[in-house]
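**Student:** File my_file.pdb follows (PDB, C-alpha atoms, pLDDT in the B column):
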```pdb
ATOM      1  CA  MET A  96     114.972 -52.624  58.674  1.00 51.00           C
ATOM      2  CA  MET A  97     111.833 -51.822  56.747  1.00 57.00           C
ATOM      3  CA  ASP A  98     111.172 -53.654  53.491  1.00 59.00           C
ATOM      4  CA  SER A  99     111.410 -50.405  51.550  1.00 62.00           C
ATOM      5  CA  GLU A 100     115.033 -50.034  52.659  1.00 84.00           C
ATOM      6  CA  LYS A 101     116.230 -53.367  51.308  1.00 94.00           C
ATOM      7  CA  LEU A 102     118.815 -53.240  48.554  1.00 96.00           C
ATOM      8  CA  VAL A 103     117.655 -54.645  45.239  1.00 96.00           C
ATOM      9  CA  SER A 104     120.309 -55.864  42.802  1.00 97.00           C
ATOM     10  CA  VAL A 105     119.565 -55.785  39.083  1.00 98.00           C
ATOM     11  CA  ILE A 106     121.981 -57.890  37.058  1.00 98.00           C
ATOM     12  CA  ILE A 107     122.286 -57.358  33.311  1.00 98.00           C
ATOM     13  CA  ALA A 108     124.305 -59.275  30.731  1.00 96.00           C
ATOM     14  CA  CYS A 109     125.399 -57.146  27.792  1.00 97.00           C
ATOM     15  CA  TYR A 110     126.895 -57.926  24.399  1.00 97.00           C
ATOM     16  CA  ASN A 111     126.936 -55.411  21.522  1.00 97.00           C
ATOM     17  CA  ALA A 112     123.909 -53.617  22.939  1.00 97.00           C
ATOM     18  CA  GLU A 113     125.122 -50.023  22.586  1.00 98.00           C
ATOM     19  CA  PRO A 114     121.878 -48.723  20.983  1.00 98.00           C
ATOM     20  CA  TYR A 115     119.815 -50.017  23.944  1.00 98.00           C
ATOM     21  CA  ILE A 116     121.989 -49.213  26.959  1.00 98.00           C
ATOM     22  CA  ASP A 117     120.664 -45.729  27.687  1.00 98.00           C
ATOM     23  CA  ASP A 118     117.022 -46.821  27.601  1.00 98.00           C
ATOM     24  CA  CYS A 119     117.729 -49.917  29.670  1.00 98.00           C
ATOM     25  CA  ILE A 120     119.603 -48.166  32.472  1.00 98.00           C
ATOM     26  CA  SER A 121     117.327 -45.120  32.454  1.00 98.00           C
ATOM     27  CA  SER A 122     114.302 -47.345  32.819  1.00 97.00           C
ATOM     28  CA  ILE A 123     115.744 -48.992  35.913  1.00 97.00           C
ATOM     29  CA  ILE A 124     117.042 -45.794  37.505  1.00 96.00           C
ATOM     30  CA  ASN A 125     113.750 -43.956  36.990  1.00 95.00           C
ATOM     31  CA  GLN A 126     111.714 -46.474  38.975  1.00 94.00           C
ATOM     32  CA  SER A 127     110.130 -45.215  42.192  1.00 94.00           C
ATOM     33  CA  TYR A 128     112.305 -47.575  44.250  1.00 93.00           C
ATOM     34  CA  SER A 129     115.795 -46.115  44.493  1.00 91.00           C
ATOM     35  CA  ASN A 130     117.721 -48.383  46.878  1.00 95.00           C
ATOM     36  CA  LEU A 131     119.225 -50.489  44.141  1.00 96.00           C
ATOM     37  CA  GLU A 132     122.432 -51.445  42.445  1.00 97.00           C
ATOM     38  CA  ILE A 133     122.753 -52.225  38.764  1.00 98.00           C
ATOM     39  CA  ILE A 134     125.458 -54.755  37.998  1.00 98.00           C
ATOM     40  CA  ILE A 135     126.226 -55.016  34.295  1.00 98.00           C
ATOM     41  CA  CYS A 136     128.605 -57.554  32.804  1.00 98.00           C
ATOM     42  CA  ASP A 137     129.793 -56.785  29.302  1.00 98.00           C
ATOM     43  CA  ASP A 138     130.726 -59.981  27.442  1.00 97.00           C
ATOM     44  CA  ASN A 139     133.645 -58.347  25.609  1.00 97.00           C
ATOM     45  CA  SER A 140     131.473 -56.413  23.163  1.00 97.00           C
ATOM     46  CA  SER A 141     133.019 -55.367  19.859  1.00 96.00           C
ATOM     47  CA  ASP A 142     130.907 -52.198  19.616  1.00 97.00           C
ATOM     48  CA  SER A 143     131.038 -49.205  21.988  1.00 98.00           C
ATOM     49  CA  SER A 144     128.859 -50.841  24.648  1.00 98.00           C
ATOM     50  CA  PHE A 145     131.620 -50.986  27.258  1.00 98.00           C
ATOM     51  CA  LYS A 146     132.509 -47.314  26.776  1.00 98.00           C
ATOM     52  CA  LYS A 147     128.876 -46.288  27.192  1.00 98.00           C
ATOM     53  CA  LEU A 148     128.518 -48.482  30.291  1.00 98.00           C
ATOM     54  CA  LYS A 149     131.590 -46.879  31.852  1.00 98.00           C
ATOM     55  CA  GLU A 150     130.035 -43.448  31.241  1.00 98.00           C
ATOM     56  CA  TRP A 151     126.960 -44.554  33.176  1.00 98.00           C
ATOM     57  CA  GLU A 152     129.163 -45.889  35.961  1.00 98.00           C
ATOM     58  CA  LYS A 153     130.756 -42.432  36.306  1.00 98.00           C
ATOM     59  CA  LYS A 154     127.335 -40.705  36.348  1.00 97.00           C
ATOM     60  CA  ASP A 155     125.578 -42.939  38.867  1.00 97.00           C
ATOM     61  CA  ASN A 156     127.295 -44.727  41.738  1.00 97.00           C
ATOM     62  CA  ARG A 157     124.592 -47.423  41.726  1.00 97.00           C
ATOM     63  CA  VAL A 158     125.937 -48.720  38.396  1.00 98.00           C
ATOM     64  CA  VAL A 159     128.735 -51.294  38.571  1.00 98.00           C
ATOM     65  CA  VAL A 160     130.332 -52.411  35.307  1.00 98.00           C
ATOM     66  CA  LEU A 161     132.279 -55.637  34.825  1.00 98.00           C
ATOM     67  CA  ARG A 162     133.842 -56.914  31.616  1.00 98.00           C
ATOM     68  CA  ASN A 163     134.868 -60.376  30.516  1.00 97.00           C
ATOM     69  CA  ASP A 164     138.363 -60.616  29.020  1.00 95.00           C
ATOM     70  CA  GLU A 165     136.935 -62.699  26.206  1.00 93.00           C
ATOM     71  CA  ASN A 166     133.471 -63.366  24.819  1.00 92.00           C
ATOM     72  CA  ILE A 167     132.274 -66.232  26.999  1.00 90.00           C
ATOM     73  CA  TYR A 168     128.985 -66.806  25.175  1.00 82.00           C
ATOM     74  CA  ALA A 169     130.791 -67.575  21.918  1.00 67.00           C
ATOM     75  CA  ARG A 170     132.764 -70.452  23.459  1.00 62.00           C
TER      76      ARG A 170
END
```
Spell out the structure here as structure tokens.
**Tutor:**
Amino acid sequence: MMDSEKLVSVIIACYNAEPYIDDCISSIINQSYSNLEIIICDDNSSDSSFKKLKEWEKKDNRVVVLRNDENIYAR
């Protein structure tokens, strides 16, 4: 396997970041290296972050969205 074929995983934590999601994911997807997966964990946001993330997941199969049942950071 050539180095350029290796899968790169980008892991993002998200909490109430709805205004920034599009720019964040677009920036990663538009890189020259395309063999990647973007794993995003929403920490039970109270804004529309999770909805927007799920829209991205439907548009691009490299995006994987997870969601915590409760806000873990606030514990």
**Student:** Please enumerate the residues selected by the PyMOL selection byres ((chain A and resi 135) around 9) when evaluated against the supplied file, formatted as a count of residues only.
**Tutor:** 15
**Student:** Rank A:Glu100, A:Asp142, A:Glu150, A:Asp155 by their smallest atom-to-atom distance to A:Ala112, using only C-alpha atoms, and report the top residue only.
**Tutor:**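 Among the listed residues, the smallest separation from A:Ala112 belongs to A:Asp142.
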**Student:** Go through A:Asp118, A:Glu132, A:Asn125, A:Ile167 and flag the residue nearest A:Leu102, using all atoms listed in the file for the distances.
**Tutor:**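 Ranked by minimum distance to A:Leu102, first place goes to A:Glu132.
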**Student:** If the box runs along x, y and z of the file and leaves 3 Å on each side of stretch 123-140 of chain A, what are its centre and edge lengths in Å, one decimal, as AutoDock Vina command-line options?
**Tutor:**
```
--center_x 121.9 --center_y -52.0 --center_z 35.0 --size_x 29.5 --size_y 22.0 --size_z 29.7
```
**Student:** In Å, with one decimal, what is the gap from atom CA of A:Tyr168 to atom CA of A:Ser143?
**Tutor:**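 Atom-to-atom, atom CA of A:Tyr168 to atom CA of A:Ser143, that is 18.0 Å.
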**Student:** Mind pulling up the distance from atom CA of A:Lys101 to atom CA of A:Lys147?
**Tutor:**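 One can read the atom CA of A:Lys147 to atom CA of A:Lys101 distance as 28.1 Å.
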**Student:** N, CA, C and O atoms for stretch 127-152 of chain A, written as an mmCIF file, in the frame of the given file, could you do that?
**Tutor:**
```cif
data_model
loop_
_atom_site.group_PDB
_atom_site.id
_atom_site.type_symbol
_atom_site.label_atom_id
_atom_site.label_comp_id
_atom_site.auth_asym_id
_atom_site.auth_seq_id
_atom_site.Cartn_x
_atom_site.Cartn_y
_atom_site.Cartn_z
ATOM 1 N N SER A 127 110.406 -45.901 40.926
ATOM 2 C CA SER A 127 110.130 -45.215 42.192
ATOM 3 C C SER A 127 111.008 -45.749 43.330
ATOM 4 O O SER A 127 111.294 -45.038 44.286
ATOM 5 N N TYR A 128 111.436 -46.991 43.232
ATOM 6 C CA TYR A 128 112.305 -47.575 44.250
ATOM 7 C C TYR A 128 113.752 -47.237 43.911
ATOM 8 O O TYR A 128 114.229 -47.542 42.808
ATOM 9 N N SER A 129 114.456 -46.602 44.835
ATOM 10 C CA SER A 129 115.795 -46.115 44.493
ATOM 11 C C SER A 129 116.944 -46.838 45.194
ATOM 12 O O SER A 129 118.103 -46.648 44.831
ATOM 13 N N ASN A 130 116.646 -47.687 46.181
ATOM 14 C CA ASN A 130 117.721 -48.383 46.878
ATOM 15 C C ASN A 130 118.102 -49.631 46.083
ATOM 16 O O ASN A 130 117.719 -50.749 46.401
ATOM 17 N N LEU A 131 118.854 -49.392 45.021
ATOM 18 C CA LEU A 131 119.225 -50.489 44.141
ATOM 19 C C LEU A 131 120.641 -50.331 43.631
ATOM 20 O O LEU A 131 121.240 -49.264 43.714
ATOM 21 N N GLU A 132 121.151 -51.432 43.145
ATOM 22 C CA GLU A 132 122.432 -51.445 42.445
ATOM 23 C C GLU A 132 122.192 -52.131 41.118
ATOM 24 O O GLU A 132 121.370 -53.041 41.016
ATOM 25 N N ILE A 133 122.893 -51.657 40.102
ATOM 26 C CA ILE A 133 122.753 -52.225 38.764
ATOM 27 C C ILE A 133 124.121 -52.781 38.382
ATOM 28 O O ILE A 133 125.068 -52.024 38.182
ATOM 29 N N ILE A 134 124.205 -54.087 38.324
ATOM 30 C CA ILE A 134 125.458 -54.755 37.998
ATOM 31 C C ILE A 134 125.363 -55.209 36.556
ATOM 32 O O ILE A 134 124.472 -55.986 36.198
ATOM 33 N N ILE A 135 126.268 -54.705 35.727
ATOM 34 C CA ILE A 135 126.226 -55.016 34.295
ATOM 35 C C ILE A 135 127.535 -55.688 33.904
ATOM 36 O O ILE A 135 128.611 -55.143 34.148
ATOM 37 N N CYS A 136 127.424 -56.851 33.291
ATOM 38 C CA CYS A 136 128.605 -57.554 32.804
ATOM 39 C C CYS A 136 128.614 -57.517 31.278
ATOM 40 O O CYS A 136 127.728 -58.060 30.631
ATOM 41 N N ASP A 137 129.620 -56.848 30.751
ATOM 42 C CA ASP A 137 129.793 -56.785 29.302
ATOM 43 C C ASP A 137 130.596 -58.008 28.864
ATOM 44 O O ASP A 137 131.685 -58.264 29.392
ATOM 45 N N ASP A 138 130.079 -58.748 27.910
ATOM 46 C CA ASP A 138 130.726 -59.981 27.442
ATOM 47 C C ASP A 138 131.700 -59.685 26.297
ATOM 48 O O ASP A 138 131.626 -60.257 25.226
ATOM 49 N N ASN A 139 132.607 -58.740 26.564
ATOM 50 C CA ASN A 139 133.645 -58.347 25.609
ATOM 51 C C ASN A 139 133.035 -57.903 24.278
ATOM 52 O O ASN A 139 133.385 -58.411 23.207
ATOM 53 N N SER A 140 132.136 -56.938 24.364
ATOM 54 C CA SER A 140 131.473 -56.413 23.163
ATOM 55 C C SER A 140 132.481 -55.837 22.178
ATOM 56 O O SER A 140 133.512 -55.289 22.568
ATOM 57 N N SER A 141 132.149 -55.929 20.897
ATOM 58 C CA SER A 141 133.019 -55.367 19.859
ATOM 59 C C SER A 141 132.533 -53.992 19.410
ATOM 60 O O SER A 141 133.195 -53.337 18.607
ATOM 61 N N ASP A 142 131.376 -53.548 19.921
ATOM 62 C CA ASP A 142 130.907 -52.198 19.616
ATOM 63 C C ASP A 142 131.301 -51.276 20.783
ATOM 64 O O ASP A 142 132.184 -51.607 21.567
ATOM 65 N N SER A 143 130.660 -50.153 20.930
ATOM 66 C CA SER A 143 131.038 -49.205 21.988
ATOM 67 C C SER A 143 130.215 -49.398 23.267
ATOM 68 O O SER A 143 130.110 -48.478 24.083
ATOM 69 N N SER A 144 129.656 -50.567 23.448
ATOM 70 C CA SER A 144 128.859 -50.841 24.648
ATOM 71 C C SER A 144 129.638 -50.578 25.933
ATOM 72 O O SER A 144 129.148 -49.907 26.845
ATOM 73 N N PHE A 145 130.837 -51.116 26.028
ATOM 74 C CA PHE A 145 131.620 -50.986 27.258
ATOM 75 C C PHE A 145 131.909 -49.521 27.568
ATOM 76 O O PHE A 145 131.786 -49.094 28.717
ATOM 77 N N LYS A 146 132.248 -48.744 26.577
ATOM 78 C CA LYS A 146 132.509 -47.314 26.776
ATOM 79 C C LYS A 146 131.265 -46.614 27.326
ATOM 80 O O LYS A 146 131.349 -45.829 28.269
ATOM 81 N N LYS A 147 130.129 -46.904 26.739
ATOM 82 C CA LYS A 147 128.876 -46.288 27.192
ATOM 83 C C LYS A 147 128.544 -46.730 28.625
ATOM 84 O O LYS A 147 128.092 -45.936 29.443
ATOM 85 N N LEU A 148 128.763 -47.994 28.931
ATOM 86 C CA LEU A 148 128.518 -48.482 30.291
ATOM 87 C C LEU A 148 129.413 -47.775 31.304
ATOM 88 O O LEU A 148 128.956 -47.399 32.388
ATOM 89 N N LYS A 149 130.671 -47.573 30.960
ATOM 90 C CA LYS A 149 131.590 -46.879 31.852
ATOM 91 C C LYS A 149 131.160 -45.432 32.077
ATOM 92 O O LYS A 149 131.337 -44.894 33.174
ATOM 93 N N GLU A 150 130.563 -44.806 31.074
ATOM 94 C CA GLU A 150 130.035 -43.448 31.241
ATOM 95 C C GLU A 150 128.904 -43.442 32.265
ATOM 96 O O GLU A 150 128.827 -42.552 33.109
ATOM 97 N N TRP A 151 128.035 -44.434 32.200
ATOM 98 C CA TRP A 151 126.960 -44.554 33.176
ATOM 99 C C TRP A 151 127.519 -44.782 34.572
ATOM 100 O O TRP A 151 127.017 -44.247 35.550
ATOM 101 N N GLU A 152 128.553 -45.589 34.668
ATOM 102 C CA GLU A 152 129.163 -45.889 35.961
ATOM 103 C C GLU A 152 129.707 -44.612 36.601
ATOM 104 O O GLU A 152 129.607 -44.422 37.823
#
```
